[in-house]
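Participant: My structure file work20.cif, mmCIF, C-alpha atoms and all ligand atoms, is below:
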data_structure
loop_
_atom_site.label_atom_id
_atom_site.label_comp_id
_atom_site.auth_asym_id
_atom_site.auth_seq_id
_atom_site.Cartn_x
_atom_site.Cartn_y
_atom_site.Cartn_z
CA MET C 563 102.63 -5.48 -33.16
CA ALA C 564 99.80 -3.47 -31.61
CA PRO C 565 97.25 -2.04 -34.03
CA VAL C 566 97.51 1.69 -34.55
CA ARG C 567 94.56 3.42 -32.91
CA ALA C 568 92.42 5.96 -34.67
CA GLY C 569 93.68 9.44 -33.97
CA PHE C 570 97.25 8.29 -33.63
CA GLY C 571 97.84 9.40 -37.17
CA LEU C 572 96.74 12.96 -36.43
CA THR C 573 99.29 13.32 -33.63
CA SER C 574 102.03 11.97 -35.90
CA ALA C 575 100.98 14.24 -38.73
CA THR C 576 100.93 17.31 -36.49
CA LEU C 577 104.39 16.48 -35.16
CA ARG C 578 105.95 15.49 -38.47
CA GLY C 579 109.54 16.66 -38.80
CA LEU C 580 109.93 17.47 -35.11
CA PRO C 581 113.60 16.83 -34.17
CA GLU C 582 112.63 15.63 -30.68
CA LEU C 583 110.99 12.56 -32.22
CA GLU C 584 114.46 11.34 -33.20
CA TYR C 585 115.71 11.50 -29.58
CA PHE C 586 113.81 8.41 -28.45
CA GLU C 587 115.98 5.35 -28.03
CA SER C 588 113.96 3.29 -30.53
CA PRO C 589 110.99 3.64 -32.90
CA GLN C 590 109.04 1.38 -30.51
CA GLN C 591 109.73 3.72 -27.61
CA ARG C 592 108.63 6.68 -29.72
CA GLU C 593 105.39 4.98 -30.73
CA ALA C 594 104.64 4.04 -27.13
CA ALA C 595 105.18 7.66 -26.08
CA LEU C 596 102.91 8.99 -28.85
CA ARG C 597 100.27 6.47 -27.86
CA GLU C 598 100.48 7.66 -24.25
CA ILE C 599 100.03 11.26 -25.38
CA GLU C 600 96.96 10.24 -27.36
CA ALA C 601 95.53 8.27 -24.43
CA GLU C 602 96.05 11.20 -22.04
CA ALA C 603 94.40 13.59 -24.45
CA SER C 604 91.29 11.40 -24.62
CA ASN C 605 91.00 10.78 -20.85
CA PRO C 606 88.26 13.03 -19.35
CA LYS C 607 90.17 13.10 -16.04
CA SER C 608 93.24 14.67 -17.55
CA PHE C 609 94.05 18.33 -17.97
CA ASP C 610 95.00 17.65 -21.59
CA PHE C 611 91.49 16.47 -22.33
CA TRP C 612 89.87 19.66 -21.04
CA PHE C 613 92.56 21.73 -22.66
CA GLY C 614 91.68 19.96 -25.90
CA VAL C 615 87.97 20.60 -25.42
CA MET C 616 88.63 24.24 -24.64
CA LEU C 617 90.90 24.53 -27.63
CA THR C 618 88.45 22.84 -29.95
CA ALA C 619 85.42 24.78 -28.78
CA GLY C 620 86.65 28.00 -27.25
CA ALA C 621 89.72 28.99 -29.19
CA PRO C 622 88.16 29.23 -32.65
CA ILE C 623 85.31 31.36 -31.25
CA LEU C 624 87.68 33.66 -29.39
CA THR C 625 90.12 33.80 -32.29
CA PHE C 626 87.25 34.46 -34.65
CA PHE C 627 86.26 37.63 -32.83
CA LEU C 628 89.79 38.79 -32.08
CA SER C 629 91.02 38.29 -35.64
CA ARG C 630 87.86 39.95 -36.91
CA ILE C 631 88.65 43.09 -34.93
CA PHE C 632 92.26 42.88 -36.06
CA LEU C 633 91.40 42.32 -39.72
CA ARG C 634 88.88 45.15 -39.68
CA ARG C 635 91.68 47.45 -38.58
CA VAL C 636 94.10 46.13 -41.21
CA ILE C 637 91.47 46.45 -43.90
CA SER C 638 90.69 50.04 -42.91
CA LEU C 639 94.42 50.86 -42.72
CA LEU C 640 94.96 49.48 -46.20
CA GLY C 641 92.03 51.52 -47.36
CA VAL C 642 90.43 48.55 -49.08
CA THR C 643 86.80 49.34 -49.63
CA GLY C 644 83.97 47.14 -50.67
CA LEU C 645 85.79 44.00 -49.57
CA ASP C 646 83.48 41.09 -50.01
CA ARG C 647 82.01 39.82 -46.77
CA VAL C 648 82.80 36.26 -47.86
CA VAL C 649 86.46 37.15 -48.27
CA GLU C 650 86.46 38.73 -44.82
CA ILE C 651 84.97 35.61 -43.23
CA LEU C 652 87.43 33.38 -45.09
CA LEU C 653 90.33 35.45 -43.77
CA VAL C 654 88.99 35.26 -40.21
CA VAL C 655 88.46 31.50 -40.44
CA GLY C 656 91.96 31.12 -41.88
CA VAL C 657 93.55 33.04 -39.03
CA ALA C 658 91.52 31.07 -36.47
CA TRP C 659 92.53 27.77 -38.08
CA VAL C 660 96.24 28.62 -38.12
CA THR C 661 96.10 29.76 -34.48
CA VAL C 662 94.36 26.61 -33.26
CA ARG C 663 96.71 24.40 -35.26
CA SER C 664 99.80 26.06 -33.85
CA LEU C 665 98.42 25.91 -30.27
CA HIS C 666 97.69 22.23 -30.76
CA ARG C 667 101.18 21.61 -32.11
CA ARG C 668 102.76 23.52 -29.23
CA GLY C 669 100.81 21.43 -26.73
CA LEU C 670 101.87 18.19 -28.41
CA ILE C 671 105.52 19.26 -28.60
CA SER C 672 105.63 19.97 -24.88
CA SER C 673 104.03 16.54 -24.27
CA VAL C 674 106.76 14.87 -26.35
CA ARG C 675 109.44 16.66 -24.28
CA GLU C 676 107.78 15.45 -21.07
CA LYS C 677 107.79 11.88 -22.41
CA LEU C 678 111.50 12.11 -23.26
CA ILE C 679 112.34 13.42 -19.78
CA ALA C 680 110.16 10.71 -18.20
CA ARG C 681 112.31 8.15 -20.06
CA GLY C 682 115.55 9.63 -18.81
CA ILE C 683 116.39 11.49 -22.02
CA ALA C 684 117.32 15.04 -21.06
CA VAL C 685 115.91 17.71 -23.33
CA CYS C 686 115.28 21.40 -22.73
CA ARG C 687 111.61 22.04 -21.95
CA GLY C 688 111.92 25.46 -23.51
CA CYS C 689 113.46 24.74 -26.91
CA GLY C 690 113.77 20.95 -27.16
CA TYR C 691 117.57 20.98 -27.38
CA LEU C 692 119.05 17.55 -26.66
CA LEU C 693 121.14 17.85 -23.49
CA ARG C 694 122.74 14.42 -23.65
CA GLY C 695 126.33 14.45 -22.43
CA LEU C 696 126.11 18.00 -21.12
CA GLU C 697 128.04 18.61 -17.90
CA PRO C 698 125.61 19.16 -15.03
CA GLY C 699 126.02 22.27 -12.94
CA SER C 700 125.75 24.93 -15.61
CA GLY C 701 122.05 24.88 -14.80
CA ARG C 702 121.06 26.45 -18.10
CA CYS C 703 120.29 25.34 -21.63
CA PRO C 704 123.22 26.24 -23.93
CA GLU C 705 120.74 26.89 -26.72
CA CYS C 706 118.07 29.12 -25.17
CA GLY C 707 119.37 29.84 -21.67
CA ARG C 708 116.42 28.33 -19.87
CA ARG C 709 117.11 27.19 -16.30
CA PHE C 710 116.83 23.40 -15.89
CA GLU C 711 114.21 21.88 -13.65
CA GLU C 712 115.30 19.47 -10.91
CA ASP C 713 114.34 16.34 -12.88
CA VAL C 714 116.39 17.41 -15.92
CA GLU C 715 119.39 18.17 -13.67
CA ARG C 716 119.06 14.71 -12.13
CA ILE C 717 119.11 13.00 -15.54
CA LEU C 718 122.26 14.93 -16.45
CA ARG C 719 123.98 13.93 -13.19
CA GLU C 720 122.98 10.28 -13.56
CA GLY C 721 123.91 10.20 -17.24
CA ASN C 722 127.40 11.42 -16.49
CA ARG C 723 127.80 8.95 -13.63
CA GLY C 724 126.79 6.16 -15.99
CA ARG C 725 129.37 7.28 -18.52
CA GLU C 726 132.15 7.39 -15.93
CA SER C 727 131.45 3.89 -14.60
CA GLY C 728 131.07 2.52 -18.14
CA GLY C 729 134.22 4.06 -19.59
CA ALA C 730 137.87 3.61 -18.71
CA THR C 731 138.92 5.49 -15.62
CA GLY C 732 142.23 7.21 -15.39
ZN ZN B 1 116.65 25.40 -24.47
#
Translate the structure described by the file into structure tokens.
Facilitator:
Amino acid sequence: MAPVRAGFGLTSATLRGLPELEYFESPQQREAALREIEAEASNPKSFDFWFGVMLTAGAPILTFFLSRIFLRRVISLLGVTGLDRVVEILLVVGVAWVTVRSLHRRGLISSVREKLIARGIAVCRGCGYLLRGLEPGSGRCPECGRRFEEDVERILREGNRGRESGGATG
């Protein structure tokens, strides 16, 4: 068994409890996919890498200033006076942290969906709904109504063909 690389744990921790992780055909397949996501995120040639850099460096700064403006307004609306500057900074940092975390998680979730689709497991890119066994042709996710991309449609068509040839015909 391959040793687990540093950083792999962070991806797993961020994605903990995600239903899509159960859609892989085996735990080995899931681990390979997570490892690919990690490798892509640490490759300077990839978009994910620069997105990660931007997120790590830019987002907290931007969020810091935006949430500061926002919190100022909330504080003045609530009429709280003499709020400690330390408390204000803690609130701003908290908002920035939650925002960056949720952006990171969103990015990872969409990567997991791409990995599933790349392995021929049809899921909705919009909501992650498992489309296995769905009749092709409806063109839309029954869960969120998102229109399927061509590659998802193809998996659905091929999946149904496979089922027909595998099962009894009549
Ligand atoms: Zn959907």
Participant: I need the residue nearest ligand ZN 1 (chain B) from this list: C:Pro704, C:Gly641, C:Pro698, C:Gly669. Use all atoms listed in the file for the distance.
Facilitator: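 Looking only at the distances to ligand ZN 1 (chain B), the closest residue turns out to be C:Pro704.
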Participant: Give me the residues within 10 Å of Arg668 of chain C as a ChimeraX atom specification, counting all atoms listed in the file and dropping any in the same chain fewer than 6 places off.
Facilitator: /C:576-577,662,674
Participant: May I ask you to write as a list in words all residues lying at most 8 Å from ligand ZN 1 (chain B), with only C-alpha atoms and all ligand atoms counted?
Facilitator: Val685, Cys686, Arg687, Gly688, Cys689, Gly690, Tyr691, Arg702, Cys703, Pro704, Glu705, Cys706, Gly707 and Arg708 of chain C
Participant: Applying 9 Å and only C-alpha atoms, which residues near Val655 of chain C remain after dropping the ones on its own chain fewer than 3 positions away? List them as a PyMOL selection string.
Facilitator: chain C and resi 622+625-626+629+650-652+658-660
Participant: Counting all atoms listed in the file, what is within 12 Å of Phe627 of chain C, bar same-chain residues fewer than 3 positions away, as a list in words?
Facilitator: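 Once the adjacent positions are removed, what remains is Gly620, Ala621, Pro622, Ile623, Leu624, Arg630, Ile631, Phe632, Leu633, Arg634, Ile651, Leu653, Val654, Val655, Val657 and Ala658 of chain C.
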Participant: Just how far from atom CA of Ser672 of chain C is atom CA of Val714 of chain C, in Å to one decimal?
Facilitator: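 Atom CA of Ser672 of chain C lies 14.2 Å from atom CA of Val714 of chain C.
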Participant: One number please: atom CA of Arg597 of chain C to atom CA of Phe611 of chain C, in Å, one decimal.
Facilitator: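 Those two atoms sit 14.4 Å apart.
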Participant: State, in Å with one decimal place, the distance from atom CA of Arg681 of chain C to atom CA of Phe613 of chain C.
Facilitator: 24.1 Å
Participant: Here is a test: counting only C-alpha atoms, which residue of C:Arg635, C:Lys677, C:Arg667, C:Lys607 is nearest to Leu583 of chain C?
Facilitator: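 Closest candidate: C:Lys677.
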Participant: Calculated over all atoms listed in the file, which of the candidates C:Ile683, C:Leu617, C:Glu711, C:Gly579 has the smallest distance to Ser664 of chain C?
Facilitator: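 Nearest candidate to Ser664 of chain C out of C:Ile683, C:Leu617, C:Glu711, C:Gly579: C:Leu617.
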Participant: Tell me which of C:Leu670, C:Leu718, C:Ala594, C:Ile599 sits closest to Leu692 of chain C, counting all atoms listed in the file.
Facilitator: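 Of C:Leu670, C:Leu718, C:Ala594, C:Ile599, the one nearest Leu692 of chain C is C:Leu718, counting all atoms listed in the file.
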Participant: Out of C:Ser673, C:Gln590, C:Ser574, C:Ser638, which residue has the shortest atom-to-atom distance to Glu602 of chain C when counting only C-alpha atoms?
Facilitator: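 Smallest separation from Glu602 of chain C among the options: C:Ser673.
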Participant: For Gly682 of chain C, which residue among C:Arg592, C:Arg578, C:Arg694, C:His666 is the nearest when counting all atoms listed in the file?
Facilitator: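 Answer, going by the shortest atom-to-atom distance: C:Arg694.
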Participant: Give as a list in words the set of residues within 8 Å of the point (126.0, 13.5, -20.7), where distances use the file's coordinates and all atoms listed in the file.
Facilitator: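 Using all atoms listed in the file, the matching residues come out as Leu693, Arg694, Gly695, Leu696, Glu697, Leu718, Arg719, Gly721, Asn722 and Arg725 of chain C.
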